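Structure record follows, encoded as C-alpha cells.
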Amino acid sequence: MTGRLMLLDTASLYFRAYFGVPDSVKAPDGTPVNAVRGLLDFIDRLVRDHRPEHLVACMDADWRPRWRVELIPTYKAHRVAAEHTGAPDAEEVPDTLAPQVPVIESVLDAVGIARVGVPDYEADDVIGTFTERATGPVDIVTGDRDLYQLVDDARGVRVLYPVKGVGTLRITDESVLREKYGVDGRGYADLALLRGDPSDGLPGVAGIGEKTAAKLLAEFGDLAGIMAAVDDPRARLTPSQRRRLTEARPYVAVAPKVVRVAGDVPLPEVDTALPRVPRDPAGLAELAARWGLGGSLQRLLDTLGG
C-alpha cells in the first residue's frame, strides 16, 4: 500500500452524523436516514479536502471485547444495553440510529469503500493495525481521543478530529499533543491510563489528573519509569502520589493492554484503493431509491469519480 491512507472510525462518525443532522431527514417510507446521509456527506467532504488514495471504513465487530473486560470489568460497562453469552454485548444505541447501521454498511459495500471489522476487536484495533502496516502517510478520522496514541510525525500519522461536522477538523500531530497534553503520541496512552476515562469505564489512578499525569511522564519518561520511581525513595514523588500509585498497582498492571490499541489484528485481504466507480451499481441504485439517499450519495459518487 503506497500513498495516503485514510482510516475512518466509522461508528464515531455515524454517531456524530446522527446527532448533527436532523431526524426529519427521512426515506420515502418515513424512516429516518439522517445518520446514513450525514455519513455520506462526511466521507464526501473528507475525500474532497484530503484526497486519500486509500480509504477504509473501520468497524466495531466487538465494541467491548471480552479480553478487555476480563482485565478491567468496568470497561464500557455503563454502555451495555444487554449482555450476551458467546456474542458481543449489545450497546446502548438510539432507537432510530440502530436500524440505520445495516443501511450504512450496505451502501458502503455497494459503493466499493473497503469496510473492515474483525471478530473480538474494536475499530480502534483495526485502525491501529492498518496504521502499523502502512508505508505511507495515514489520516485517522475519529472523534475518539484514544487514537491520539497513534500520532507519529516521523511516519506521517495524524488524527483528523471533527470539531464541527467534518468541515472543521482539528488536525492533530505531535506538536498539537505536546501543546495541549504535554506528551507525544507514544505518551498519550500512558497519560490516558493514569488520568482515566469515565466514558470508557477506566478508573485511572485516584488523585492523578491530566496535568499531574503529564508532569509525571515528563519527569520519569513513561509508565514503567513512573512505577520504578515509586520503589525509589530518592525519586521526586510526593507522599500522596507514591501512596496512590502503590495502591493502583493492580490496575496499572493490566490497564496498558486495555488502553493501548492493538497493532496485530488479523486483517482480511481487502482492496483499500479509493473506488472511482461503484462496485455494485445496480444494488446501489436500489439502495438509493429505497432510502432516499439523493444528493448525499450523488455528491460522493461525483467526488470519487472526479
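Each chain in the C-alpha cells gets a letter, A, B, ..., in the order shown, and its residues are numbered from 1; ligands are numbered from 1 in order too.
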So that each row is one residue of region 142-205 of chain A with an atom at most 12 Å from region 228-247 of chain A, can you give its shortest atom pair and the distance in Å to one decimal, using only C-alpha atoms, rows by chain and rising number, as JSON lines?
{"residue": "A:Leu194", "atom": "CA", "partner": "A:Leu245", "partner_atom": "CA", "distance": 9.3}
{"residue": "A:Arg195", "atom": "CA", "partner": "A:Leu245", "partner_atom": "CA", "distance": 11.9}
{"residue": "A:Gly204", "atom": "CA", "partner": "A:Leu245", "partner_atom": "CA", "distance": 10.1}
{"residue": "A:Val205", "atom": "CA", "partner": "A:Leu245", "partner_atom": "CA", "distance": 6.7}
May I have the residues from that selection written out with N, CA, C and O atoms, as a CSV table (one decimal), in the first residue's frame?
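The result, written out as out.csv:
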chain,number,residue,atom,x,y,z
A,194,LEU,N,-3.3,6.8,33.2
A,194,LEU,CA,-3.2,7.4,34.5
A,194,LEU,C,-4.4,8.3,34.8
A,194,LEU,O,-4.9,8.2,36.0
A,195,ARG,N,-4.8,9.0,33.9
A,195,ARG,CA,-5.9,10.0,34.1
A,195,ARG,C,-7.2,9.3,34.2
A,195,ARG,O,-8.1,9.7,35.0
A,204,GLY,N,-8.6,4.9,36.1
A,204,GLY,CA,-7.4,5.7,36.3
A,204,GLY,C,-6.8,5.6,37.7
A,204,GLY,O,-7.2,4.7,38.4
A,205,VAL,N,-5.8,6.4,38.0
A,205,VAL,CA,-5.2,6.4,39.3
A,205,VAL,C,-5.8,7.5,40.1
A,205,VAL,O,-5.7,8.7,39.7
Margin query: Could you list, as a ChimeraX atom specification, every residue within 10 Å of Arg45 (chain A), counting only C-alpha atoms and ignoring same-chain residues fewer than 3 positions away?
Written below: /A:39-42,48-51,165-167,299-300,303
Note to self: Between CA of Ala218 (chain A) and CA of Asp200 (chain A), what distance in Å does the model show, to one decimal?
What the structure shows: 25.1 Å
Check: as a list in words, which residues of region 92-146 of chain A does DSSP assign to strand (DSSP E or B)?
Finding: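 Restricting region 92-146 of chain A to strand (DSSP E or B) produces Ala114, Arg115, Val116, Val138, Asp139, Ile140 and Val141 of chain A.
Shortest atom-to-atom contact with Val259 (chain A) among A:Thr10, A:Ser175, A:Gln149, A:Ser296: A:Gln149, counting only C-alpha atoms.
If only C-alpha atoms are the atoms counted, then among A:Gly207, A:Pro102, A:Pro268, A:Gly263 the closest residue to Ala248 (chain A) is A:Gly207.
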Which residues of region 146-255 of chain A sit at most 12 Å from region 116-124 of chain A, using only C-alpha atoms? Give each one's shortest atom pair and distance in Å (one decimal place), in chain and ascending residue order, as JSON lines.
{"residue": "A:Asp146", "atom": "CA", "partner": "A:Asp124", "partner_atom": "CA", "distance": 8.3}
{"residue": "A:Leu147", "atom": "CA", "partner": "A:Asp124", "partner_atom": "CA", "distance": 7.0}
{"residue": "A:Tyr148", "atom": "CA", "partner": "A:Asp124", "partner_atom": "CA", "distance": 10.8}
{"residue": "A:Gln149", "atom": "CA", "partner": "A:Asp124", "partner_atom": "CA", "distance": 10.7}
{"residue": "A:Leu150", "atom": "CA", "partner": "A:Asp124", "partner_atom": "CA", "distance": 10.0}
Check: Of the candidates A:Asp197, A:Glu53, A:Asp152, A:Asp95, which shows the shortest atom-to-atom distance to Gly185 (chain A), using only C-alpha atoms?
Finding: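 Closest to Gly185 (chain A) of all the choices is A:Asp152.
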Given only C-alpha atoms, how would the per-residue table for region 104-211 of chain A near region 13-33 of chain A read, listing every residue at most 12 Å away with its closest atom pair and distance in Å to one decimal, sorted by chain and number, as CSV?
residue,atom,partner,partner_atom,distance
A:Ile104,CA,A:Tyr14,CA,8.7
A:Glu105,CA,A:Tyr14,CA,11.0
A:Ala123,CA,A:Leu13,CA,11.9
A:Ile140,CA,A:Leu13,CA,11.5
A:Val141,CA,A:Leu13,CA,8.1
A:Thr142,CA,A:Leu13,CA,6.8
A:Gly143,CA,A:Leu13,CA,7.2
A:Asp144,CA,A:Leu13,CA,9.7
A:Leu160,CA,A:Leu13,CA,11.5
A:Tyr161,CA,A:Leu13,CA,10.2
A:Pro162,CA,A:Leu13,CA,8.7
A:Val163,CA,A:Arg16,CA,10.2
A:Lys164,CA,A:Gly20,CA,8.7
A:Gly165,CA,A:Gly20,CA,7.1
A:Val166,CA,A:Leu13,CA,8.9
Create the file for the chosen residues now, containing N, CA, C and O atoms and written as a PDB file, in the first residue's frame.
ATOM      1  N   ILE A 104     -26.083   1.736   6.319  1.00  0.00           N
ATOM      2  CA  ILE A 104     -24.746   2.313   6.115  1.00  0.00           C
ATOM      3  C   ILE A 104     -23.790   1.255   5.577  1.00  0.00           C
ATOM      4  O   ILE A 104     -23.056   1.485   4.612  1.00  0.00           O
ATOM      5  N   GLU A 105     -23.816   0.077   6.189  1.00  0.00           N
ATOM      6  CA  GLU A 105     -22.908  -0.986   5.762  1.00  0.00           C
ATOM      7  C   GLU A 105     -23.194  -1.404   4.320  1.00  0.00           C
ATOM      8  O   GLU A 105     -22.259  -1.590   3.516  1.00  0.00           O
ATOM      9  N   ALA A 123     -12.982  -1.199  16.429  1.00  0.00           N
ATOM     10  CA  ALA A 123     -12.499  -0.441  15.274  1.00  0.00           C
ATOM     11  C   ALA A 123     -11.144   0.189  15.566  1.00  0.00           C
ATOM     12  O   ALA A 123     -10.282   0.278  14.685  1.00  0.00           O
ATOM     13  N   ILE A 140      -6.192   9.483  10.314  1.00  0.00           N
ATOM     14  CA  ILE A 140      -7.192   8.771  11.101  1.00  0.00           C
ATOM     15  C   ILE A 140      -8.299   9.761  11.435  1.00  0.00           C
ATOM     16  O   ILE A 140      -8.046  10.784  12.070  1.00  0.00           O
ATOM     17  N   VAL A 141      -9.514   9.465  11.005  1.00  0.00           N
ATOM     18  CA  VAL A 141     -10.640  10.376  11.243  1.00  0.00           C
ATOM     19  C   VAL A 141     -11.486   9.808  12.363  1.00  0.00           C
ATOM     20  O   VAL A 141     -12.110   8.754  12.219  1.00  0.00           O
ATOM     21  N   THR A 142     -11.498  10.502  13.489  1.00  0.00           N
ATOM     22  CA  THR A 142     -12.195   9.989  14.664  1.00  0.00           C
ATOM     23  C   THR A 142     -12.549  11.115  15.616  1.00  0.00           C
ATOM     24  O   THR A 142     -11.851  12.129  15.681  1.00  0.00           O
ATOM     25  N   GLY A 143     -13.622  10.922  16.361  1.00  0.00           N
ATOM     26  CA  GLY A 143     -13.955  11.812  17.454  1.00  0.00           C
ATOM     27  C   GLY A 143     -13.550  11.225  18.791  1.00  0.00           C
ATOM     28  O   GLY A 143     -13.979  11.703  19.842  1.00  0.00           O
ATOM     29  N   ASP A 144     -12.704  10.195  18.763  1.00  0.00           N
ATOM     30  CA  ASP A 144     -12.265   9.485  19.963  1.00  0.00           C
ATOM     31  C   ASP A 144     -10.798   9.827  20.234  1.00  0.00           C
ATOM     32  O   ASP A 144      -9.918   9.473  19.444  1.00  0.00           O
ATOM     33  N   LEU A 160      -7.405  13.389  12.383  1.00  0.00           N
ATOM     34  CA  LEU A 160      -8.310  14.460  11.988  1.00  0.00           C
ATOM     35  C   LEU A 160      -9.524  14.366  12.903  1.00  0.00           C
ATOM     36  O   LEU A 160     -10.339  13.458  12.776  1.00  0.00           O
ATOM     37  N   TYR A 161      -9.611  15.294  13.839  1.00  0.00           N
ATOM     38  CA  TYR A 161     -10.632  15.238  14.892  1.00  0.00           C
ATOM     39  C   TYR A 161     -11.746  16.216  14.560  1.00  0.00           C
ATOM     40  O   TYR A 161     -11.501  17.432  14.491  1.00  0.00           O
ATOM     41  N   PRO A 162     -12.958  15.732  14.330  1.00  0.00           N
ATOM     42  CA  PRO A 162     -14.054  16.634  13.967  1.00  0.00           C
ATOM     43  C   PRO A 162     -14.443  17.550  15.124  1.00  0.00           C
ATOM     44  O   PRO A 162     -14.775  17.079  16.207  1.00  0.00           O
ATOM     45  N   VAL A 163     -14.366  18.830  14.881  1.00  0.00           N
ATOM     46  CA  VAL A 163     -14.796  19.806  15.880  1.00  0.00           C
ATOM     47  C   VAL A 163     -16.254  20.181  15.644  1.00  0.00           C
ATOM     48  O   VAL A 163     -17.052  20.284  16.569  1.00  0.00           O
ATOM     49  N   LYS A 164     -16.587  20.347  14.371  1.00  0.00           N
ATOM     50  CA  LYS A 164     -17.974  20.637  13.987  1.00  0.00           C
ATOM     51  C   LYS A 164     -18.209  19.945  12.662  1.00  0.00           C
ATOM     52  O   LYS A 164     -17.671  20.351  11.630  1.00  0.00           O
ATOM     53  N   GLY A 165     -19.030  18.885  12.681  1.00  0.00           N
ATOM     54  CA  GLY A 165     -19.176  18.077  11.469  1.00  0.00           C
ATOM     55  C   GLY A 165     -17.807  17.562  11.073  1.00  0.00           C
ATOM     56  O   GLY A 165     -17.000  17.185  11.904  1.00  0.00           O
ATOM     57  N   VAL A 166     -17.530  17.560   9.792  1.00  0.00           N
ATOM     58  CA  VAL A 166     -16.162  17.300   9.343  1.00  0.00           C
ATOM     59  C   VAL A 166     -15.644  18.478   8.529  1.00  0.00           C
ATOM     60  O   VAL A 166     -14.567  18.422   7.953  1.00  0.00           O
TER      61      VAL A 166
END
Checklist line | Non-local contacts of Arg186 (chain A) (12 Å; only C-alpha atoms; under 3 positions in same chain excluded) as a ChimeraX atom specification | finding: /A:146-154,157,173-174,177-178,182-183,189-192,217,221-223,260-261
Preceding selection exported with C-alpha atoms as an mmCIF file, in the first residue's frame:
data_model
loop_
_atom_site.group_PDB
_atom_site.id
_atom_site.type_symbol
_atom_site.label_atom_id
_atom_site.label_comp_id
_atom_site.auth_asym_id
_atom_site.auth_seq_id
_atom_site.Cartn_x
_atom_site.Cartn_y
_atom_site.Cartn_z
ATOM 1 C CA ASP A 146 -7.923 7.381 22.439
ATOM 2 C CA LEU A 147 -6.476 7.239 18.937
ATOM 3 C CA TYR A 148 -4.144 10.150 19.646
ATOM 4 C CA GLN A 149 -1.739 7.438 20.820
ATOM 5 C CA LEU A 150 -1.130 6.551 17.155
ATOM 6 C CA VAL A 151 0.040 10.038 16.157
ATOM 7 C CA ASP A 152 3.590 9.824 14.822
ATOM 8 C CA ASP A 153 5.171 12.716 12.921
ATOM 9 C CA ALA A 154 8.074 10.587 11.707
ATOM 10 C CA VAL A 157 0.390 9.592 11.082
ATOM 11 C CA ASP A 173 0.050 15.996 15.121
ATOM 12 C CA GLU A 174 2.705 15.727 17.809
ATOM 13 C CA LEU A 177 -0.424 16.927 21.504
ATOM 14 C CA ARG A 178 2.580 18.471 23.238
ATOM 15 C CA GLY A 182 2.388 17.737 27.253
ATOM 16 C CA VAL A 183 3.046 14.358 25.606
ATOM 17 C CA ALA A 189 -1.744 6.070 26.077
ATOM 18 C CA ASP A 190 0.142 6.318 29.386
ATOM 19 C CA LEU A 191 -1.459 9.710 30.060
ATOM 20 C CA ALA A 192 -4.933 8.305 29.368
ATOM 21 C CA LEU A 217 5.567 11.466 32.373
ATOM 22 C CA GLY A 221 9.607 9.223 30.772
ATOM 23 C CA ASP A 222 6.853 6.637 30.636
ATOM 24 C CA LEU A 223 4.587 4.477 32.787
ATOM 25 C CA ARG A 260 -3.374 0.632 24.044
ATOM 26 C CA VAL A 261 -4.868 -0.212 20.683
#
Note to self: Quick one: residues within 7 Å of His54 (chain A), only C-alpha atoms, excluding same-chain residues fewer than 5 positions away - as a PyMOL selection string?
What the structure shows: chain A and resi 4-6+272-274
Could those selected residues go to a file with N, CA and C atoms, as an mmCIF file, in the first residue's frame?
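New file part.cif:
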data_model
loop_
_atom_site.group_PDB
_atom_site.id
_atom_site.type_symbol
_atom_site.label_atom_id
_atom_site.label_comp_id
_atom_site.auth_asym_id
_atom_site.auth_seq_id
_atom_site.Cartn_x
_atom_site.Cartn_y
_atom_site.Cartn_z
ATOM 1 N N ARG A 4 -1.412 8.102 0.435
ATOM 2 C CA ARG A 4 -2.089 8.466 1.678
ATOM 3 C C ARG A 4 -3.259 7.520 1.958
ATOM 4 N N LEU A 5 -3.270 6.998 3.179
ATOM 5 C CA LEU A 5 -4.335 6.105 3.648
ATOM 6 C C LEU A 5 -5.211 6.881 4.621
ATOM 7 N N MET A 6 -6.529 6.848 4.421
ATOM 8 C CA MET A 6 -7.471 7.442 5.361
ATOM 9 C C MET A 6 -8.258 6.326 6.040
ATOM 10 N N THR A 272 -8.053 -1.638 -0.602
ATOM 11 C CA THR A 272 -8.271 -0.365 0.085
ATOM 12 C C THR A 272 -8.268 0.837 -0.858
ATOM 13 N N ALA A 273 -8.005 0.611 -2.132
ATOM 14 C CA ALA A 273 -7.921 1.735 -3.073
ATOM 15 C C ALA A 273 -9.242 2.495 -3.121
ATOM 16 N N LEU A 274 -9.147 3.810 -3.189
ATOM 17 C CA LEU A 274 -10.338 4.637 -3.283
ATOM 18 C C LEU A 274 -11.111 4.255 -4.541
#
Notebook entry, point to check: So which bits of region 63-249 of chain A end up helix (DSSP H, G or I) when you DSSP the backbone, as number ranges by chain?
Noted result: A: 66-71, 77-79, 100-111, 123-133, 145-150, 153-155, 174-181, 185-195, 198-200, 210-220, 223-230, 239-247, 249
Check: Residues at most 10 Å from Ser199 (chain A), counting only C-alpha atoms, excluding those fewer than 3 positions away in the same chain, as number ranges by chain?
Finding: A: 75-79, 196, 202-203
Filtering to C-alpha atoms, could you give me those residues as a PDB file, in the first residue's frame?
ATOM      1  CA  TYR A  75     -14.659  -1.278  30.756  1.00  0.00           C
ATOM      2  CA  LYS A  76     -17.602   0.370  28.922  1.00  0.00           C
ATOM      3  CA  ALA A  77     -19.948  -1.369  31.389  1.00  0.00           C
ATOM      4  CA  HIS A  78     -22.234   1.653  31.694  1.00  0.00           C
ATOM      5  CA  ARG A  79     -22.975   1.493  27.954  1.00  0.00           C
ATOM      6  CA  GLY A 196      -8.687   7.508  33.464  1.00  0.00           C
ATOM      7  CA  LEU A 202     -11.476   3.328  33.019  1.00  0.00           C
ATOM      8  CA  PRO A 203     -10.896   4.363  36.635  1.00  0.00           C
TER       9      PRO A 203
END
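Coordinates place CA of Ile72 (chain A) at a distance of 7.3 Å from CA of Ala255 (chain A).
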Notebook entry, point to check: So how far away is CA of Gly306 (chain A) from CA of Val107 (chain A), in Å?
Noted result: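 Computing it gives 19.4 Å between the two atoms.
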Note to self: When you look at region 80-87 of chain A with a cut-off of 9 Å (counting only C-alpha atoms), what residues show up, excluding the ones that are within fewer than 4 positions of it in the same chain? I need them as a list in words.
What the structure shows: Asp62, Arg64, Lys76, Glu91, Glu92 and Val93 of chain A
